[in-house]
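Q: Can you keep this structure in mind? I'll have questions shortly.
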Amino acid sequence: MENNKTDQSTRKCQCILLVEDYEVNQKIGQLFLQNAGYRVDIAENGQQAVEAFQQNHYDLILMDIQMPVMDGYEATKKIRNWEGGLRQAQAEFKKVPIIAMTGDTCEANLDAEDYPGIDECIRKPAKWEHVLLVVRKWIDAEYSSSIDKTLKDVVYPSVKRTQENPSPLDMDKAIEEFMGQKEILFGILQDFLNIAAAQVENIRQAVNCSDYGVIVSEAHAIKGGAANLTAYQLADLASDLEKAATEQQTDQSVLLAEKLENEFYHLETFLEPKLRMQ
């Protein structure tokens, strides 16, 4: 069996570009990737990703799809076009794997017109244990076959709160997801509360003036951050609000925005005493 220290040492030479616009998700992704031994650069949007790729060597790109300035699809297209020039100039050229992280359901056929240039999709919310398996599959070719078998058994986490778990956040699961690192988890939870509070206020103001673009953007961001932190009911409401605002359903958007705000304050009340003790 391969020595884990040797494995970690090898990964220190491997660099991943994490393309993610939401600060909380950036911190979570960076934490798990660095703990696995990889070096990590962060781009906040597709334009930054293209610029970073043109200036640096990356072994893999984790690409969010829905981002401001330039989305993940356009960034992937530009990166593949840039690679076309490199392929002509370098005999030993090897294209960088691009893994899309998206809330959409990814088609099995990645050659479909909707996914040009993307090697594999990971549906959000995803366990980072699963993400790391996909990363290793593409970076470490010798493990690809065995990892493929493991990935077939992956079950995506639900974003529904159940009667058996009425809490606004599944703390036990969150601690497990963060490998028992409570201090880091609580720090990220505090960051999320600070950022989401402003986003909830932005949604409230956007609802008042029917600014559906802002509602969609902020709800999408809250959805991803909340799901990654096991605040599943908040993530579920944000997802519903995002859909309603996308379809410009005024009454439904107003109702869901109010429910989202109430659930956020429920989460805030639940977490405040726990965070205060740290």
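Letters for chains follow the order of the structure tokens (A, B, ...), residue numbers begin at 1 for each chain, and ligand numbers begin at 1 in the order shown.
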Quick one: contact table of region 177-267 of chain A to region 121-127 of chain A, 8 Å max, nearest atom pair and distance in Å to one decimal per residue, counting only C-alpha atoms, chain and number order, as JSON lines?
A:
{"residue": "A:Glu177", "atom": "CA", "partner": "A:Lys127", "partner_atom": "CA", "distance": 7.5}
{"residue": "A:Gly224", "atom": "CA", "partner": "A:Pro125", "partner_atom": "CA", "distance": 6.8}
{"residue": "A:Ala227", "atom": "CA", "partner": "A:Pro125", "partner_atom": "CA", "distance": 5.9}
{"residue": "A:Asn228", "atom": "CA", "partner": "A:Pro125", "partner_atom": "CA", "distance": 6.3}
Q: Counting only C-alpha atoms, which of A:Val96, A:Ile42, A:Ala219, A:Met277 gets nearest to Leu256 (chain A)?
A: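 Checking each of A:Val96, A:Ile42, A:Ala219, A:Met277 against Leu256 (chain A), counting only C-alpha atoms, the winner is A:Ala219.
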Q: Could you produce a table of the residues of region 182-240 of chain A lying within 10 Å of region 56-72 of chain A, with the nearest pair of atoms per residue and their separation in Å rounded to one decimal, using only C-alpha atoms, ordered by chain and increasing residue number, as a tab-separated table?
A:
residue	atom	partner	partner_atom	distance
A:Ser217	CA	A:Pro68	CA	8.6
A:His220	CA	A:Gln66	CA	8.6
A:Ala221	CA	A:Gln66	CA	9.4
Q: Got a sec: who's within 6 Å of Lys223 (chain A), counting only C-alpha atoms, leaving out chain neighbours fewer than 5 positions off, as a ChimeraX atom specification?
A: /A:235,238-239
Q: With C-alpha atoms kept, could you save the residues just selected as a compact mmCIF listing (two decimals), in the first residue's frame?
A:
# COMPACT_ATOMS: atom_id res chain seq x y z
CA ALA A 235 -30.68 25.99 1.00
CA ALA A 238 -33.07 29.71 -1.51
CA SER A 239 -33.38 27.20 -4.36
Q: Mind pulling up the distance from CA of Arg39 (chain A) to CA of Gln55 (chain A)?
A: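 These two atoms are separated by 15.8 Å.
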Q: Counting only C-alpha atoms, what is within 12 Å of Gln181 (chain A), bar same-chain residues fewer than 4 positions away, as a ChimeraX atom specification?
A: /A:28,31-32,35,172,174-177,185-188
Q: With N, CA and C atoms retained, could you export that selection as a PDB file, in the first residue's frame?
A:
ATOM      1  N   ILE A  28     -14.210  26.879   2.050  1.00  0.00           N
ATOM      2  CA  ILE A  28     -14.462  25.454   2.253  1.00  0.00           C
ATOM      3  C   ILE A  28     -13.642  24.632   1.263  1.00  0.00           C
ATOM      4  N   LEU A  31      -9.912  24.709   2.047  1.00  0.00           N
ATOM      5  CA  LEU A  31      -9.618  23.895   3.228  1.00  0.00           C
ATOM      6  C   LEU A  31      -9.454  22.429   2.857  1.00  0.00           C
ATOM      7  N   PHE A  32     -10.434  21.874   2.149  1.00  0.00           N
ATOM      8  CA  PHE A  32     -10.408  20.445   1.847  1.00  0.00           C
ATOM      9  C   PHE A  32      -9.302  20.092   0.852  1.00  0.00           C
ATOM     10  N   ASN A  35      -5.946  20.353   2.706  1.00  0.00           N
ATOM     11  CA  ASN A  35      -5.815  19.232   3.641  1.00  0.00           C
ATOM     12  C   ASN A  35      -5.475  17.934   2.912  1.00  0.00           C
ATOM     13  N   ASP A 172     -23.992  17.875  13.804  1.00  0.00           N
ATOM     14  CA  ASP A 172     -23.185  16.647  13.825  1.00  0.00           C
ATOM     15  C   ASP A 172     -22.632  16.333  12.440  1.00  0.00           C
ATOM     16  N   ALA A 174     -22.223  18.504   9.997  1.00  0.00           N
ATOM     17  CA  ALA A 174     -21.277  19.557   9.617  1.00  0.00           C
ATOM     18  C   ALA A 174     -19.900  19.283  10.210  1.00  0.00           C
ATOM     19  N   ILE A 175     -19.872  18.881  11.477  1.00  0.00           N
ATOM     20  CA  ILE A 175     -18.594  18.566  12.133  1.00  0.00           C
ATOM     21  C   ILE A 175     -17.935  17.377  11.448  1.00  0.00           C
ATOM     22  N   GLU A 176     -18.743  16.389  11.088  1.00  0.00           N
ATOM     23  CA  GLU A 176     -18.206  15.227  10.368  1.00  0.00           C
ATOM     24  C   GLU A 176     -17.639  15.644   9.012  1.00  0.00           C
ATOM     25  N   GLU A 177     -18.379  16.495   8.279  1.00  0.00           N
ATOM     26  CA  GLU A 177     -17.923  16.959   6.968  1.00  0.00           C
ATOM     27  C   GLU A 177     -16.596  17.712   7.077  1.00  0.00           C
ATOM     28  N   LEU A 185     -14.701  25.117  11.252  1.00  0.00           N
ATOM     29  CA  LEU A 185     -16.119  25.102  10.904  1.00  0.00           C
ATOM     30  C   LEU A 185     -16.829  26.324  11.462  1.00  0.00           C
ATOM     31  N   PHE A 186     -16.619  26.609  12.751  1.00  0.00           N
ATOM     32  CA  PHE A 186     -17.325  27.726  13.375  1.00  0.00           C
ATOM     33  C   PHE A 186     -16.878  29.063  12.789  1.00  0.00           C
ATOM     34  N   GLY A 187     -15.611  29.155  12.398  1.00  0.00           N
ATOM     35  CA  GLY A 187     -15.140  30.374  11.747  1.00  0.00           C
ATOM     36  C   GLY A 187     -15.842  30.600  10.419  1.00  0.00           C
ATOM     37  N   ILE A 188     -16.009  29.529   9.651  1.00  0.00           N
ATOM     38  CA  ILE A 188     -16.690  29.635   8.359  1.00  0.00           C
ATOM     39  C   ILE A 188     -18.180  29.892   8.558  1.00  0.00           C
TER      40      ILE A 188
END
Q: Please identify the alpha helix (DSSP H) residues within region 11-240 of chain A (assignment by DSSP from backbone atoms) and present them as a PyMOL selection string.
A: chain A and resi 11+23-35+46-55+72-89+128-139+144-151+171-177+182-208+212-228+232-240
